[in-house]
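Asks: Let me begin by handing over the structure; questions about it come next.
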Protein chains: 2
Amino acid sequence: MERTCGNGTLRAADAGRKVTLIGWTAKRRNLGSLVFIDLRDRSGIVQVTCDENTAEQVKDVRNEYILQVTGTVQMRKDANPKMATGEIEVLAENVKIINRAETVPINISDSTDTNEDTRLKYRYLDLRRPVLQNNMILRHKVCMIARNVLDGEGFVEVETPILARSTPEGARDYLVPSRIYNGKFWALPQSPQIYKQLLMIAGMEKYFQIARCFRDEDLRADRQPEFTQIDIEMSFADEDTIFGVVENLMKEIFRGIRGYKLEDHFLRIPYEECMARFGTDKPDLRFGNEIEDITDLFADTEFQVFRAAADQGGEIGALKFSNTADKYSRKGLDKLQDFVKHGFKCKALAYLKMDKGVLSGSVAKPLSEEEKAAVIERLSMQDNDLVLLIADKKSIVRQALGALRVRIAHEQNLIPAGENYRFLWVTDFPMFEYSEEENRWVASHHPFTAPKEEDIDKLFSDPGNVSSRAYDLVLNGYELLSGSIRIHDQDLQEKVFEAIGLTMEQAKERFGFFLEAFRYGTPPHGGVGIGLERLIMVLAGTENIRDVVAFPTTNSSLDLMSDAPNFVDQQQLDVLGIEIADKDKQ
Amino acid sequence: MERTCGNGTLRAADAGRKVTLIGWTAKRRNLGSLVFIDLRDRSGIVQVTCDENTAEQVKDVRNEYILQVTGTVQMRKDANPKMATGEIEVLAENVKIINRAETVPINISDSTDTNEDTRLKYRYLDLRRPVLQNNMILRHKVCMIARNVLDGEGFVEVETPILARSTPEGARDYLVPSRIYNGKFWALPQSPQIYKQLLMIAGMEKYFQIARCFRDEDLRADRQPEFTQIDIEMSFADEDTIFGVVENLMKEIFRGIRGYKLEDHFLRIPYEECMARFGTDKPDLRFGNEIEDITDLFADTEFQVFRAAADQGGEIGALKFSNTADKYSRKGLDKLQDFVKHGFKCKALAYLKMDKGVLSGSVAKPLSEEEKAAVIERLSMQDNDLVLLIADKKSIVRQALGALRVRIAHEQNLIPAGENYRFLWVTDFPMFEYSEEENRWVASHHPFTAPKEEDIDKLFSDPGNVSSRAYDLVLNGYELLSGSIRIHDQDLQEKVFEAIGLTMEQAKERFGFFLEAFRYGTPPHGGVGIGLERLIMVLAGTENIRDVVAFPTTNSSLDLMSDAPNFVDQQQLDVLGIEIADKDKQ
């Protein structure tokens with residue numbers, strides 16, 4: 001079917017050119033003798049003008065009819081600056097209807113007002129909206145760049161199985177009943193973690209895969225049951241090498257997609273320092289306002305609230321916002337107080353404001369003049385500065401102030417407008433965290449992460465203080481990837497399993513083949529898994545993961561378009577040897 | 001971990017160069033004062049020579065130990081022409097053991113003698129064999145070329161869901177029980193067929209995906225439960241356009257991988273003609289020996305066997321092999337007879353040989369002199385030619401002679417040695433085939449394939465004679481891809497469902513959302529799905545699909561490495577609301 005160019009590519013320079021276009025009717029206006037049709041294809045929209053010669057051919061045309069138009073590009077009398085093709089139009093000489101359309105149930109435009117559930121049901125129509133089509137193209141381009149960059153550096157993409165073994169550690173697996181071995185199950189992989197480590201043992205040296213992963217979790221707004229990971233692993237590499245690969249990859253992606261030049265090397269901050277300064281392991285570095293630990297100023301304070309916190313090993317933390325005191329009335333501060341009390345179980349939020357060199361605020365009275373002077377000096381306070389203070393358990397102080405820091409940055413527009421990508425490596429994550437629920441230490445990252453060499457002797461004696469060689473890459477407050485240097489020694493791997501309370505029997509039952517693999521010449525190795533959807537969301541400037549997935553589910557894991565999951569025939573279950581459980585019996 | 005180059009890259013030109021290498025110990029020979037180590041990495045193997053200065057460092061080294069070697073490249077006294085690096089060796093100056101290895105349970109070499117099941121159990125070791133590593137790299141390269149070619153032509157790769165809706169038409173689905181909606185199931189897609197058609201309806205115009213597909217079938221040697229497809233679909237395209245895209249893709253792949261120049265356009269033969277000439281829809285065109293229908297020569301024959309076949313609408317088919325009569329004694333011909341009788345339910349295989357212008361053989365006597373002269377003329381028979389004849393039902397004649405054609409070509413080495421890729425488009429496949437099992441017409445390709453325009457009026461009156469716009473691409477006797485122009489009209493799609501015996505209710509139940517999508521402006525479209533594993537098998541020159549899959553299953557769908565599928569905890573089943581069926585109850 002002949003076409004000479006994309007509709008959205010036509011410009012003033014094309015005036016006079018004879019073209020044949022194909023597209024969907026985005027809009028149709030009938031001005032009596034003239035009919036204007038906005039014709040949309042993947043490349044964009046152009047206005048087609050039908051005069052008395054062709055008006056008859058389009059008299060039955062309605063929205064979403066597919067047309068083939070032959071005509072001549074001409075300058076418009078009144079240019080439309082909102083359209084990329086707005087300077088020109090195509091004067092139709094012949095119009096052929098390729099296919100008809102019934103009235104569509106959603107509003108197909110970037111500014112659609114149709115609710116999301118309806119758009120998900122008619123996803124194939126929603127995807128006609130230019131913004132979604134462009135997101136899909138953006139996603140494709142990012143993957144093309146990633147593959148070409150990694151290929152250029154000697155990485156080999158290897159497809160690992162989707163039908164895999166269930167290894168219940170971490171999130172819940174999706175299971176697939178086996179027809180041949182009734183009663184046994186495959187599991188869909190939460191990541192290719194074990195396979196990629198086996199590929200290192202297999203001597204592949206540099207592996208990557210843009211890999212589908214699956215987690216049967218209760219979804220949050222930014223999660224989908226299946227998601228995609230740019231998965232990378234390499235042998236004989238330390239953090240410097242791996243960070244270099246990722247930094248180069250990000251530079252090429254941001255240059256290729258946004259024409260934006262990233263710095264050569266990204267900032268690195270160890271986890272402990274990051275938590276102390278930002279109260280989170282994914283800080284947004286587009287603004288300052290770091291947390292200050294001012295506990296030491298109150299070692300001998302008479303103010304009981306601060307004294308108690310300091311004495312009980314807690315922390316007194318402060319956040320300063322310059323020239324902001326007048327933006328927060330008592331009412332505004334009460335809202336912040338509610339926010340930290342309810343969100344983070346803080347006992348209280350204190351504040352200080354400075355006016356003409358004098359401090360006022362909720363703790364102005366109980367603090368001594370010396371203490372106030374020390375606060376002013378430590379925080380370099382100036383007139384109209386606002387300082388928020390929390391005295392509590394260290395973890396509560398950090399979390400609450402970290403959240404306040406972000407909230408106020410948004411409320412006060414502290415984030416510079418425009419493109420501004422601030423990457424950060426957070427390193428040295430804790431090896432373990434204590435699970436109150438399971439009453440045991442669990443791996444913070446995953447149990448294949450290497451502990452720091454110098455902390456190995458604390459694996460059993462002081463697991464809470466073992467640092468690992470795990471790292472995250474954070475961008476503007478979002479975690480873009482996680483990774484680590486892995487264990488490559490069987491004895492150490494067994495010790496780590498033991499430290500998280502797996503008996504040797506359980507470890508062998510779950511990971512036996514993997515543990516055995518370590519025996520036969522395992523190279524030192526490490527890698528990362530980059531969340532593709534999150535990366536595309538940042539590049540596309542959207543907060544909705546469904547904007548970057550072609551056929552997403554709802555937050556409750558429903559595919560509204562095909563109505564899946566759905567019931568299946570009894571016969572299908574019979575061959576699998578499974579039954580729907582009797583609810584009453586349970 | 002420092003390394004200066006890949007072990008397999010070193011050549012005579014590197015002599016004198018100081019290098020640092022890393023690799024696995026492939027072989028170790030101790031000659032007293034000298035120790036020779038074959039050091040293997042992904043790039044290949046190089047010999048490391050340790051003299052008295054370093055012999056001590058490697059005294060404990062065993063096979064598969066990982067070493068880091070610093071040394072100087074020097075010419076060997078006795079070059080080894082079997083190794084790419086055979087002209088040189090590396091005289092070690094320092095050797096560091098990176099990791100140790102226990103005795104490996106398989107023979108890690110291209111000429112391994114370990115049985116396949118053991119190698120599958122230790123797949124991570126088997127993958128150290130250069131031949132398998134190279135296959136994985138080959139596969140990666142093919143995918144890189146495919147993506148870059150298609151991207152260059154404006155195709156956009158879109159990821160479609162793995163958790164999809166079960167649409168029981170075709171092979172058996174793998175099912176995934178839903179935790180949130182107990183009793184409902186996802187299905188793993190047999191192909192992205194419906195999604196890619198929806199993407200056309202969504203206006204993506206040119207889509208591709210290197211897509212994972214799943215079929216829960218009893219496996220054959222060349223099948224795996226999951227496999228990969230280069231999946232392509234485009235709008236506003238006819239066969240010529242789609243064939244052009246595929247031809248260009250194949251040209252770039254064969255040029256990039258094998259340095260082999262394919263012809264610009266591949267031969268096309270309609271299905272009916274293909275069956276008549278080759279007895280199969282996937283003929284190997286590397287040799288001739290086509291089937292000749294010589295029924296017409298025997299319209300008035302006295303020879304009852306031939307007469308009966310002709311009278312009953314059957315066919316008398318002949319295959320001629322030049323200069324081959326002396327290769328098949330009575331015993332050899334008996335074997336061929338057994339082959340067609342048992343494999344294809346042929347009543348008999350007849351033969352004729354020519355010697356000094358005179359025919360002998362099983363039917364030399366019953367045929368008249370005129371008939372024999374006619375055979376000689378039609379088949380241009382010469383001395384020492386062998387002609388095999390079958391008189392039977394047309395389908396039996398074609399299948400049996402088609403199989404004989406291939407068998408004898410292999411027995412007599414009729415296939416030219418060396419690289420020789422003969423592509424063929426087989427077009428105009430039948431729309432339907434009759435399923436004796438289900439007692440109804442079923443779609444030969446799939447029910448979304450467009451019938452030939454001129455055959456639409458036979459959909460119900462004569463379904464067996466409706467040709468479709470389905471096509472295959474065949475290479476050297478293997479089906480590389482299937483595809484078709486699709487139906488883009490809702491009425492026609494409903495008619496086709498009806499023709500295969502689906503009630504409107506059943507069609508709506510299974511494909512309702514898809515049928516509805518046709519209403520809203522569906523472009524004409526078509527596409528292909530290229531079997532990636534088959535393509536890699538051809539390029540790698542292997543008949544074993546497990547040679548081109550990183551982590552394959554056995555023919556009985558077992559992953560011997562991780563022992564999957566496996567039993568899962570009762571708790572995992574409980575949250576899914578399923579039970580293992582009670583065998584006794586069934």
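Each chain of the structure tokens is named A, B, ... in the order shown, its residues numbered from 1; ligands are numbered from 1 in display order.
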Would you mind listing what lies within 9 Å of stretch 527-539 of chain B as JSON, numbers by chain, with only C-alpha atoms counted and same-chain residues fewer than 6 positions away left out?

Replies: {"B": [135, 138, 139, 142, 143, 191, 193, 210, 222, 227, 228, 229, 230, 231, 232, 233, 234, 235, 237, 239, 242, 246, 254, 257, 258, 471, 472, 473, 475, 476, 478, 479, 480, 481, 482, 483, 484, 485, 486, 545, 547, 548, 549]}

Asks: Neighbouring residues of stretch 301-314 of chain B were defined as those with any atom within 6 Å, considering only C-alpha atoms; residues of the same chain fewer than 6 positions away were excluded. Please report them as a list in words.

Replies: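 Using only C-alpha atoms, the neighbours found are Pro366, Ala391, Asp392, Lys393 and Lys394 of chain B.
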
Asks: For the residues in that selection, give me N, CA and C atoms as an mmCIF file, in the first residue's frame.

Replies:
```
data_model
loop_
_atom_site.group_PDB
_atom_site.id
_atom_site.type_symbol
_atom_site.label_atom_id
_atom_site.label_comp_id
_atom_site.auth_asym_id
_atom_site.auth_seq_id
_atom_site.Cartn_x
_atom_site.Cartn_y
_atom_site.Cartn_z
ATOM 1 N N PRO B 366 5.380 -55.930 -16.909
ATOM 2 C CA PRO B 366 3.956 -55.616 -17.139
ATOM 3 C C PRO B 366 3.726 -54.402 -18.038
ATOM 4 N N ALA B 391 2.418 -45.966 -7.385
ATOM 5 C CA ALA B 391 1.054 -45.735 -7.858
ATOM 6 C C ALA B 391 0.141 -45.905 -6.658
ATOM 7 N N ASP B 392 -0.482 -44.827 -6.245
ATOM 8 C CA ASP B 392 -1.274 -44.907 -5.009
ATOM 9 C C ASP B 392 -2.135 -43.654 -4.913
ATOM 10 N N LYS B 393 -2.740 -43.477 -3.748
ATOM 11 C CA LYS B 393 -3.462 -42.220 -3.522
ATOM 12 C C LYS B 393 -2.466 -41.074 -3.656
ATOM 13 N N LYS B 394 -2.947 -39.962 -4.209
ATOM 14 C CA LYS B 394 -2.071 -38.840 -4.498
ATOM 15 C C LYS B 394 -1.237 -38.425 -3.275
#
```

Asks: Measuring atom to atom with only C-alpha atoms, identify which of B:Lys365, B:His265, B:Arg510, B:Arg277 is nearest to B:Leu249.

Replies: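 Checking each candidate against B:Leu249, we get B:His265 as the closest.
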
Asks: Kindly provide, as a compact mmCIF listing (two decimals) with all heavy atoms, in the first residue's frame, the residues of chain A having any atom no farther than 6 Å from an atom of chain B, counting only C-alpha atoms.

Replies:
```
# COMPACT_ATOMS: atom_id res chain seq x y z
N MET A 1 0.85 -1.18 0.00
CA MET A 1 0.00 0.00 0.00
C MET A 1 0.89 1.23 0.00
O MET A 1 1.64 1.46 0.93
CB MET A 1 -0.88 -0.04 1.26
CG MET A 1 -2.26 0.49 1.03
SD MET A 1 -3.35 -0.11 2.33
CE MET A 1 -3.71 -1.76 1.72
N GLU A 64 -11.35 7.89 13.25
CA GLU A 64 -10.65 6.60 13.25
C GLU A 64 -10.84 5.79 11.98
O GLU A 64 -10.37 4.66 11.89
CB GLU A 64 -10.96 5.76 14.50
CG GLU A 64 -10.63 6.46 15.82
CD GLU A 64 -9.19 6.98 15.90
OE1 GLU A 64 -8.28 6.27 15.43
OE2 GLU A 64 -8.99 8.11 16.39
N TYR A 65 -11.51 6.34 10.97
CA TYR A 65 -11.46 5.72 9.64
C TYR A 65 -10.01 5.77 9.16
O TYR A 65 -9.30 6.74 9.42
CB TYR A 65 -12.33 6.51 8.65
CG TYR A 65 -13.78 6.07 8.59
CD1 TYR A 65 -14.49 5.75 9.75
CD2 TYR A 65 -14.45 5.99 7.36
CE1 TYR A 65 -15.82 5.36 9.68
CE2 TYR A 65 -15.78 5.60 7.28
CZ TYR A 65 -16.47 5.29 8.45
OH TYR A 65 -17.78 4.90 8.38
N ASN A 99 -10.25 1.46 5.67
CA ASN A 99 -11.14 0.71 6.56
C ASN A 99 -11.97 1.69 7.37
O ASN A 99 -11.57 2.82 7.61
CB ASN A 99 -10.35 -0.23 7.49
CG ASN A 99 -11.17 -1.46 7.90
OD1 ASN A 99 -12.38 -1.52 7.66
ND2 ASN A 99 -10.51 -2.43 8.52
N ARG A 100 -13.15 1.21 7.76
CA ARG A 100 -14.07 2.04 8.53
C ARG A 100 -13.91 1.78 10.01
O ARG A 100 -13.22 0.86 10.42
CB ARG A 100 -15.51 1.73 8.11
CG ARG A 100 -15.81 2.18 6.70
CD ARG A 100 -17.03 1.49 6.08
NE ARG A 100 -16.92 1.56 4.61
CZ ARG A 100 -17.21 2.66 3.91
NH1 ARG A 100 -17.67 3.74 4.51
NH2 ARG A 100 -17.05 2.66 2.60
N ALA A 101 -14.56 2.61 10.82
CA ALA A 101 -14.50 2.45 12.28
C ALA A 101 -15.83 2.83 12.89
O ALA A 101 -16.48 3.79 12.46
CB ALA A 101 -13.39 3.32 12.86
N GLU A 102 -16.22 2.06 13.89
CA GLU A 102 -17.37 2.48 14.69
C GLU A 102 -16.91 3.58 15.65
O GLU A 102 -15.72 3.83 15.81
CB GLU A 102 -17.90 1.30 15.49
CG GLU A 102 -18.48 0.20 14.60
CD GLU A 102 -19.01 -0.98 15.41
OE1 GLU A 102 -19.21 -0.80 16.64
OE2 GLU A 102 -19.21 -2.04 14.82
N TYR A 124 -5.71 -1.08 23.06
CA TYR A 124 -5.29 -0.95 21.66
C TYR A 124 -5.71 0.38 21.07
O TYR A 124 -5.11 0.84 20.09
CB TYR A 124 -5.83 -2.12 20.81
CG TYR A 124 -7.29 -2.40 21.01
CD1 TYR A 124 -8.25 -1.73 20.28
CD2 TYR A 124 -7.73 -3.33 21.96
CE1 TYR A 124 -9.60 -1.97 20.46
CE2 TYR A 124 -9.07 -3.59 22.16
CZ TYR A 124 -10.01 -2.90 21.42
OH TYR A 124 -11.34 -3.14 21.61
N LEU A 125 -6.72 1.01 21.63
CA LEU A 125 -7.09 2.35 21.19
C LEU A 125 -6.30 3.41 21.96
O LEU A 125 -5.84 4.40 21.39
CB LEU A 125 -8.60 2.58 21.39
CG LEU A 125 -9.52 1.67 20.57
CD1 LEU A 125 -10.99 1.98 20.89
CD2 LEU A 125 -9.26 1.84 19.07
N LEU A 127 -3.39 3.12 22.99
CA LEU A 127 -2.03 3.15 22.44
C LEU A 127 -1.95 3.97 21.15
O LEU A 127 -0.87 4.21 20.64
CB LEU A 127 -1.53 1.72 22.17
CG LEU A 127 -1.02 0.94 23.38
CD1 LEU A 127 -0.78 -0.52 23.01
CD2 LEU A 127 0.28 1.55 23.91
N ARG A 128 -3.12 4.37 20.61
CA ARG A 128 -3.07 5.28 19.45
C ARG A 128 -2.73 6.70 19.87
O ARG A 128 -2.39 7.52 19.03
CB ARG A 128 -4.43 5.28 18.72
CG ARG A 128 -4.67 4.03 17.93
CD ARG A 128 -5.96 4.14 17.12
NE ARG A 128 -6.32 2.83 16.57
CZ ARG A 128 -7.48 2.55 16.03
NH1 ARG A 128 -8.42 3.49 15.95
NH2 ARG A 128 -7.72 1.34 15.56
N HIS A 140 11.87 1.33 23.14
CA HIS A 140 12.61 0.59 22.11
C HIS A 140 14.00 1.20 21.89
O HIS A 140 15.00 0.48 21.82
CB HIS A 140 11.81 0.60 20.80
CG HIS A 140 12.61 0.28 19.59
ND1 HIS A 140 13.15 -0.97 19.38
CD2 HIS A 140 12.97 1.03 18.51
CE1 HIS A 140 13.81 -0.96 18.21
NE2 HIS A 140 13.71 0.24 17.69
N GLU A 157 24.51 -11.21 25.07
CA GLU A 157 23.15 -11.40 25.60
C GLU A 157 22.81 -12.88 25.54
O GLU A 157 22.88 -13.51 24.48
CB GLU A 157 22.12 -10.58 24.82
CG GLU A 157 20.73 -10.67 25.46
CD GLU A 157 19.77 -9.59 24.99
OE1 GLU A 157 20.01 -8.98 23.95
OE2 GLU A 157 18.76 -9.36 25.70
N ARG A 165 13.22 -23.00 38.34
CA ARG A 165 12.98 -23.70 39.60
C ARG A 165 12.53 -22.71 40.66
O ARG A 165 13.07 -21.61 40.77
CB ARG A 165 14.27 -24.37 40.05
CG ARG A 165 14.12 -25.20 41.30
CD ARG A 165 15.47 -25.70 41.80
NE ARG A 165 15.35 -26.18 43.17
CZ ARG A 165 15.03 -27.43 43.49
NH1 ARG A 165 14.83 -28.31 42.54
NH2 ARG A 165 14.91 -27.79 44.76
N LEU A 175 3.82 -19.70 39.98
CA LEU A 175 4.07 -21.12 39.74
C LEU A 175 3.36 -21.61 38.48
O LEU A 175 2.31 -21.10 38.10
CB LEU A 175 3.58 -21.95 40.94
CG LEU A 175 4.29 -21.70 42.27
CD1 LEU A 175 3.71 -22.61 43.35
CD2 LEU A 175 5.79 -21.93 42.14
N VAL A 176 3.95 -22.61 37.85
CA VAL A 176 3.39 -23.19 36.63
C VAL A 176 3.33 -24.70 36.81
O VAL A 176 4.37 -25.36 36.88
CB VAL A 176 4.28 -22.86 35.40
CG1 VAL A 176 3.66 -23.42 34.13
CG2 VAL A 176 4.51 -21.36 35.28
N GLY A 183 1.94 -32.56 40.01
CA GLY A 183 2.31 -32.31 41.40
C GLY A 183 3.59 -31.51 41.53
O GLY A 183 3.90 -30.99 42.59
N LYS A 184 4.33 -31.41 40.41
CA LYS A 184 5.54 -30.58 40.41
C LYS A 184 5.26 -29.29 39.66
O LYS A 184 4.34 -29.21 38.84
CB LYS A 184 6.71 -31.33 39.77
CG LYS A 184 7.15 -32.55 40.58
CD LYS A 184 8.46 -33.10 40.06
CE LYS A 184 8.95 -34.25 40.94
NZ LYS A 184 10.30 -34.70 40.53
N PHE A 185 6.09 -28.29 39.93
CA PHE A 185 5.84 -26.95 39.40
C PHE A 185 7.12 -26.32 38.88
O PHE A 185 8.21 -26.53 39.41
CB PHE A 185 5.27 -26.04 40.50
CG PHE A 185 3.89 -26.44 40.94
CD1 PHE A 185 3.71 -27.48 41.85
CD2 PHE A 185 2.77 -25.80 40.44
CE1 PHE A 185 2.44 -27.88 42.25
CE2 PHE A 185 1.49 -26.18 40.84
CZ PHE A 185 1.33 -27.23 41.75
N TRP A 186 6.95 -25.51 37.84
CA TRP A 186 7.97 -24.54 37.46
C TRP A 186 7.67 -23.25 38.21
O TRP A 186 6.55 -23.05 38.68
CB TRP A 186 7.91 -24.24 35.96
CG TRP A 186 8.07 -25.41 35.06
CD1 TRP A 186 7.07 -26.15 34.48
CD2 TRP A 186 9.30 -25.99 34.61
NE1 TRP A 186 7.62 -27.14 33.71
CE2 TRP A 186 8.97 -27.07 33.76
CE3 TRP A 186 10.64 -25.69 34.83
CZ2 TRP A 186 9.94 -27.85 33.15
CZ3 TRP A 186 11.61 -26.46 34.22
CH2 TRP A 186 11.27 -27.53 33.39
N LEU A 198 25.56 -18.61 37.19
CA LEU A 198 26.00 -19.86 36.55
C LEU A 198 26.71 -19.58 35.23
O LEU A 198 27.65 -20.28 34.85
CB LEU A 198 24.81 -20.79 36.34
CG LEU A 198 24.24 -21.42 37.63
CD1 LEU A 198 22.92 -22.12 37.34
CD2 LEU A 198 25.23 -22.40 38.26
N ALA A 202 30.22 -20.63 34.06
CA ALA A 202 30.38 -21.27 32.75
C ALA A 202 31.42 -20.57 31.88
O ALA A 202 31.67 -20.99 30.76
CB ALA A 202 29.04 -21.29 32.01
N GLY A 203 32.00 -19.47 32.40
CA GLY A 203 33.05 -18.81 31.64
C GLY A 203 32.56 -17.83 30.59
O GLY A 203 33.31 -17.50 29.67
N PHE A 236 35.70 -11.29 37.06
CA PHE A 236 37.00 -10.63 37.25
C PHE A 236 36.84 -9.11 37.38
O PHE A 236 37.72 -8.36 36.98
CB PHE A 236 37.95 -10.97 36.10
CG PHE A 236 37.99 -12.44 35.76
CD1 PHE A 236 37.62 -12.91 34.52
CD2 PHE A 236 38.36 -13.37 36.74
CE1 PHE A 236 37.63 -14.26 34.22
CE2 PHE A 236 38.38 -14.73 36.44
CZ PHE A 236 38.01 -15.17 35.18
N PHE A 513 22.22 -27.35 43.67
CA PHE A 513 22.96 -27.40 42.40
C PHE A 513 23.84 -26.17 42.26
O PHE A 513 24.91 -26.22 41.68
CB PHE A 513 21.98 -27.50 41.23
CG PHE A 513 21.20 -26.24 40.96
CD1 PHE A 513 21.57 -25.38 39.93
CD2 PHE A 513 20.11 -25.91 41.73
CE1 PHE A 513 20.87 -24.22 39.68
CE2 PHE A 513 19.39 -24.74 41.48
CZ PHE A 513 19.77 -23.90 40.47
N ARG A 519 32.12 -25.29 43.31
CA ARG A 519 33.30 -26.12 43.54
C ARG A 519 34.28 -26.17 42.38
O ARG A 519 35.41 -26.57 42.53
CB ARG A 519 32.87 -27.58 43.77
CG ARG A 519 32.10 -27.81 45.01
CD ARG A 519 31.93 -29.32 45.13
NE ARG A 519 30.88 -29.65 46.07
CZ ARG A 519 30.30 -30.83 46.14
NH1 ARG A 519 30.68 -31.79 45.30
NH2 ARG A 519 29.37 -31.07 47.02
N TYR A 520 33.75 -25.85 41.17
CA TYR A 520 34.51 -26.23 39.98
C TYR A 520 35.20 -25.06 39.27
O TYR A 520 35.25 -25.00 38.06
CB TYR A 520 33.58 -26.96 39.01
CG TYR A 520 32.92 -28.18 39.62
CD1 TYR A 520 31.55 -28.25 39.78
CD2 TYR A 520 33.70 -29.26 40.05
CE1 TYR A 520 30.95 -29.36 40.34
CE2 TYR A 520 33.10 -30.37 40.62
CZ TYR A 520 31.73 -30.42 40.77
OH TYR A 520 31.15 -31.52 41.32
N GLY A 521 35.71 -24.12 40.06
CA GLY A 521 36.43 -23.02 39.43
C GLY A 521 35.52 -21.85 39.14
O GLY A 521 35.21 -21.58 37.98
N SER A 562 -8.06 -8.13 27.97
CA SER A 562 -8.38 -9.51 27.58
C SER A 562 -9.14 -10.23 28.69
O SER A 562 -9.47 -11.40 28.55
CB SER A 562 -7.11 -10.28 27.24
OG SER A 562 -6.36 -10.54 28.41
N ALA A 564 -8.03 -11.10 31.75
CA ALA A 564 -7.18 -12.16 32.31
C ALA A 564 -6.69 -11.70 33.68
O ALA A 564 -6.55 -10.51 33.90
CB ALA A 564 -5.99 -12.41 31.38
N PRO A 565 -6.44 -12.63 34.61
CA PRO A 565 -6.58 -14.08 34.46
C PRO A 565 -8.06 -14.46 34.29
O PRO A 565 -8.94 -13.70 34.64
CB PRO A 565 -6.01 -14.63 35.77
CG PRO A 565 -6.22 -13.53 36.77
CD PRO A 565 -6.03 -12.26 35.98
N ASN A 566 -8.27 -15.65 33.74
CA ASN A 566 -9.63 -16.09 33.51
C ASN A 566 -9.80 -17.57 33.90
O ASN A 566 -8.83 -18.26 34.19
CB ASN A 566 -10.03 -15.87 32.04
CG ASN A 566 -9.10 -16.59 31.08
OD1 ASN A 566 -7.91 -16.73 31.35
ND2 ASN A 566 -9.64 -17.07 29.98
N PHE A 567 -11.05 -18.00 33.92
CA PHE A 567 -11.31 -19.41 34.20
C PHE A 567 -10.90 -20.26 32.99
O PHE A 567 -10.96 -19.79 31.85
CB PHE A 567 -12.80 -19.63 34.49
CG PHE A 567 -13.25 -18.98 35.76
CD1 PHE A 567 -14.12 -17.90 35.74
CD2 PHE A 567 -12.80 -19.44 36.99
CE1 PHE A 567 -14.53 -17.29 36.92
CE2 PHE A 567 -13.20 -18.84 38.18
CZ PHE A 567 -14.07 -17.76 38.14
N GLY A 577 -3.26 -32.20 36.59
CA GLY A 577 -3.37 -32.88 37.88
C GLY A 577 -3.59 -31.93 39.04
O GLY A 577 -3.12 -32.17 40.15
N ILE A 578 -4.27 -30.82 38.78
CA ILE A 578 -4.59 -29.91 39.89
C ILE A 578 -6.09 -29.67 39.97
O ILE A 578 -6.82 -29.88 39.01
CB ILE A 578 -3.84 -28.56 39.78
CG1 ILE A 578 -4.24 -27.83 38.50
CG2 ILE A 578 -2.34 -28.76 39.86
CD1 ILE A 578 -3.72 -26.40 38.46
N GLU A 579 -6.50 -29.25 41.14
CA GLU A 579 -7.90 -28.93 41.38
C GLU A 579 -7.98 -27.57 42.04
O GLU A 579 -7.06 -27.17 42.75
CB GLU A 579 -8.52 -29.96 42.34
CG GLU A 579 -8.68 -31.33 41.73
CD GLU A 579 -9.11 -32.37 42.77
OE1 GLU A 579 -9.14 -32.02 43.97
OE2 GLU A 579 -9.38 -33.50 42.36
N ILE A 580 -9.09 -26.90 41.80
CA ILE A 580 -9.34 -25.67 42.55
C ILE A 580 -9.69 -26.10 43.98
O ILE A 580 -10.52 -26.98 44.19
CB ILE A 580 -10.53 -24.89 41.94
CG1 ILE A 580 -10.36 -24.72 40.44
CG2 ILE A 580 -10.70 -23.57 42.66
CD1 ILE A 580 -9.12 -23.97 40.03
N ALA A 581 -9.01 -25.48 44.94
CA ALA A 581 -9.24 -25.88 46.33
C ALA A 581 -10.67 -25.59 46.73
O ALA A 581 -11.26 -24.59 46.30
CB ALA A 581 -8.27 -25.13 47.24
```

Asks: Give me the residues within 12 Å of B:Arg378 as a list in words, counting only C-alpha atoms and dropping any in the same chain fewer than 3 places off.

Replies: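 Listing them by chain and then by number gives Glu292, Asp293, Ile294, Thr295, Asp296, Leu297, Ala318, Leu319, Lys320, Glu371, Lys372, Ala373, Ala374, Val375, Met381, Gln382 and Val387 of chain B.
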
Asks: Show me, as a list in words, the residues that have an atom within 7 Å of A:Met75 when counting only C-alpha atoms, minus same-chain residues fewer than 5 positions from it.

Replies: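 My list of contacting residues is Ala12, Ala15, Glu87, Ile88 and Glu89 of chain A.
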
Asks: Among stretch 49-181 of chain A, which residues carry a DSSP assignment of alpha helix (DSSP H), reported as number ranges by chain?

Replies: A: 116-121, 123-126, 130-152
